[in-house]
Every structure is written in structure tokens, then in C-alpha cells.
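K.L.:
Let me begin by handing over the structure; questions about it come next.
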Amino acid sequence: MSYSIRVLRFISVALVFSVTAWAEPRSLLILHTNDLHDHVRPDYDGSGGMAYVSGYIKQQKAERGDVLVLDAGDVMEKGDLVAFRAKSTMMYEAMSDVGYDAIAPGNHDDVHGDAHLVECSTRAENVATLAINLLKTDGTLLFAPSKVFERNGLSIGVIGVFKPRDEGSLDLDATINAIAVEARRLESSTNLIIVVAHLGPKEC
């Protein structure tokens, strides 16, 4: 399996909910990527790349109205030279055009500093950048911790989690507590809560 296929593969989850005891079941399709790492173009064998991601997402959205598209970070670094020279701004613009709903930043996404990450988030005009534990110098949150999306009659709360770092973020224990508090806050107004976290399996 080539690198680009591995990092660009989709984890798709089809869920069926009963909103109330007597309501008709409702479906939700979650499309998820992570570690895109500036792979704008396909690999040498023609696989992967943002054109593939775009085509797949747009095909699913054309066929159904219950699609939620999420990314768990590491949009930047390691990929194409054109994206490197643009400091990954083109990736965020592409993700907006493709139809992503929310991104949780990864540890590679602060390589150019938090100010540049904020700028990239503004380039992704239609995408929510969410991070419950990434802090400004004054201790307030750099991004919103969560957002509620409406799909197919369902309210879905999405919480974003950045990989804790030595400075400018909550540590892992404080992050866990913050997730719990935010989940409790969202519980009464949502049918489902999703945590999109750029963390390793052990930390998760």
C-alpha cells in the first residue's frame, strides 16, 4: 500500500439513530481523514491526492444528505513542494472547497506558529477549526472547542483535540477534563457527540 493511499484513506462510519422512542430511524455518514501532510497531487502511481478526496466527498454528498466530513490534523508538512512553498495555505483552501466541515489541528500544523495556523483557518472559510486545549498566550482558547452540526434531523456535537505540547496547550489530564466538561455541556442539545483528536492510540 502506497504512503498516499495510507494517509488519505477514508474511515467511513454509517450510523443509524432513533431520535425519540417513536421516531423513524435517521442515518449519518461520517467521512474522516487525518495526516494529509500537504499531499495535493496524487502519488507516483496515480493514487491519492486532494483530487481523489474531493471526488469521493462530492460523490457521497451528491448521493445523500447525511454526510459529515472531519479531519483529525497534520494537514501540513512532508508533502508536495508547491504546498510547502505556500506554507500549506492552499491545503486549507482546498479543504474548504472540497466540503470539509471541521478540522482538529495536529502537531505538524503549528510548524509556522500559531498565528499562521489561525491564518490558515481563515483560508478554510467554510470549515470549523476546533481545539479544546490549544491556548493563546493569555490562557484563552485559540479556537472554539466544539461546534454543533445539523444533518438529516440530527444534532451532532464535534469536539476538536490538539496533541498536548510543552507550552501553549493543556496537558493530557487537563485535556481529558475539558473534554468531559464540554461533552456534558453538549449532551442535552445533541443526539451524538464526536471527539476528533490528534492523539496516539495509547493517549486516546
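Chains: A, B, ... in order of the C-alpha cells. Residues: from 1 per chain. Ligands: from 1, in order shown.
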If you count only C-alpha atoms, which residues fall within 7 Å of A:Ala72, apart from same-chain ones fewer than 5 positions away, as a list in words?

P.N.:
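Using only C-alpha atoms, the neighbours found are Thr33, Asn34, Ile103, Ala104, Pro105, Gly106, Val196, Ala197 and His198 of chain A.
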
K.L.:
At a cut-off of 8 Å, using only C-alpha atoms, what residues contact stretch 199-202 of chain A? Leave out same-chain residues fewer than 3 positions from it and give the result as a list in words.

P.N.:
Val161, Phe162 and Lys163 of chain A

K.L.:
I need the residue nearest A:Lys61 from this list: A:Tyr100, A:Phe149, A:Phe143, A:Tyr92. Use only C-alpha atoms for the distance.

P.N.:
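Closest to A:Lys61 of all the choices is A:Tyr100.
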
K.L.:
So that I can check the surroundings of A:Met91, please list as a list of chain:residue names every protein, DNA and RNA residue that reaches within 8 Å of it, counting only C-alpha atoms and ignoring chain neighbours fewer than 5 positions away.

P.N.:
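Returned residues: A:Asp38, A:Val40, A:Val75, A:Met76, A:Ala83.
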
K.L.:
Would you put the residues from that selection into a file with N, CA, C and O atoms, as a tab-separated table (two decimals), in the first residue's frame?

P.N.:
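Saved the output as selection33.tsv:
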```tsv
chain	number	residue	atom	x	y	z
A	38	ASP	N	0.03	17.74	3.31
A	38	ASP	CA	0.33	18.50	2.09
A	38	ASP	C	0.36	17.66	0.81
A	38	ASP	O	1.00	18.05	-0.17
A	40	VAL	N	-1.09	17.31	-2.07
A	40	VAL	CA	-2.02	17.93	-3.00
A	40	VAL	C	-2.22	17.03	-4.22
A	40	VAL	O	-3.34	16.75	-4.64
A	75	VAL	N	-2.40	18.46	8.63
A	75	VAL	CA	-2.62	18.89	7.25
A	75	VAL	C	-1.29	19.29	6.62
A	75	VAL	O	-1.06	19.07	5.43
A	76	MET	N	-0.38	19.86	7.42
A	76	MET	CA	0.86	20.46	6.92
A	76	MET	C	2.04	19.48	6.90
A	76	MET	O	2.02	18.45	7.55
A	83	ALA	N	2.84	22.96	-1.99
A	83	ALA	CA	2.16	23.23	-0.73
A	83	ALA	C	3.15	23.74	0.32
A	83	ALA	O	2.83	24.63	1.11
```

K.L.:
Could you check the closest approach to A:His116 for each of A:Gly65, A:Ala180, A:Ile194, A:Lys87 and tell me which residue wins, using only C-alpha atoms?

P.N.:
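That would be A:Lys87, the residue with the smallest distance to A:His116.
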
K.L.:
Work out how far apart atom CA of A:Asp80 and atom CA of A:Met50 are and give it in Å to one decimal.

P.N.:
11.3 Å

K.L.:
Find the residues around A:Glu125 up to 10 Å (only C-alpha atoms counted), leave out those fewer than 3 positions away in its own chain, and share them as a ChimeraX atom specification.

P.N.:
/A:92-93,95-97,120-122,128-129

K.L.:
Output N, CA, C and O atoms of each residue in that selection to a file, as an mmCIF file, in the first residue's frame.

P.N.:
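So selection.cif came out as:
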```
data_model
loop_
_atom_site.group_PDB
_atom_site.id
_atom_site.type_symbol
_atom_site.label_atom_id
_atom_site.label_comp_id
_atom_site.auth_asym_id
_atom_site.auth_seq_id
_atom_site.Cartn_x
_atom_site.Cartn_y
_atom_site.Cartn_z
ATOM 1 N N TYR A 92 -5.611 24.276 3.059
ATOM 2 C CA TYR A 92 -6.803 24.698 3.803
ATOM 3 C C TYR A 92 -7.863 25.267 2.863
ATOM 4 O O TYR A 92 -9.060 25.048 3.054
ATOM 5 N N GLU A 93 -7.422 25.992 1.842
ATOM 6 C CA GLU A 93 -8.360 26.493 0.844
ATOM 7 C C GLU A 93 -9.020 25.330 0.106
ATOM 8 O O GLU A 93 -10.228 25.337 -0.151
ATOM 9 N N MET A 95 -9.448 22.269 1.272
ATOM 10 C CA MET A 95 -10.355 21.556 2.177
ATOM 11 C C MET A 95 -11.692 22.276 2.296
ATOM 12 O O MET A 95 -12.736 21.652 2.440
ATOM 13 N N SER A 96 -11.667 23.588 2.214
ATOM 14 C CA SER A 96 -12.902 24.362 2.214
ATOM 15 C C SER A 96 -13.694 24.091 0.937
ATOM 16 O O SER A 96 -14.903 23.839 0.976
ATOM 17 N N ASP A 97 -13.003 24.112 -0.202
ATOM 18 C CA ASP A 97 -13.664 23.873 -1.483
ATOM 19 C C ASP A 97 -14.207 22.446 -1.589
ATOM 20 O O ASP A 97 -15.267 22.214 -2.172
ATOM 21 N N CYS A 120 -4.390 30.168 8.380
ATOM 22 C CA CYS A 120 -4.835 29.031 7.560
ATOM 23 C C CYS A 120 -6.292 28.706 7.838
ATOM 24 O O CYS A 120 -7.051 28.387 6.912
ATOM 25 N N SER A 121 -6.694 28.795 9.092
ATOM 26 C CA SER A 121 -8.085 28.500 9.425
ATOM 27 C C SER A 121 -9.036 29.498 8.777
ATOM 28 O O SER A 121 -10.165 29.150 8.420
ATOM 29 N N THR A 122 -8.579 30.747 8.608
ATOM 30 C CA THR A 122 -9.423 31.735 7.926
ATOM 31 C C THR A 122 -9.488 31.463 6.422
ATOM 32 O O THR A 122 -10.465 31.828 5.773
ATOM 33 N N ALA A 128 -14.814 24.557 10.210
ATOM 34 C CA ALA A 128 -14.571 24.938 11.608
ATOM 35 C C ALA A 128 -13.263 24.308 12.080
ATOM 36 O O ALA A 128 -13.095 23.093 12.000
ATOM 37 N N THR A 129 -12.324 25.135 12.547
ATOM 38 C CA THR A 129 -11.119 24.616 13.196
ATOM 39 C C THR A 129 -11.403 24.570 14.692
ATOM 40 O O THR A 129 -11.729 25.581 15.306
#
```
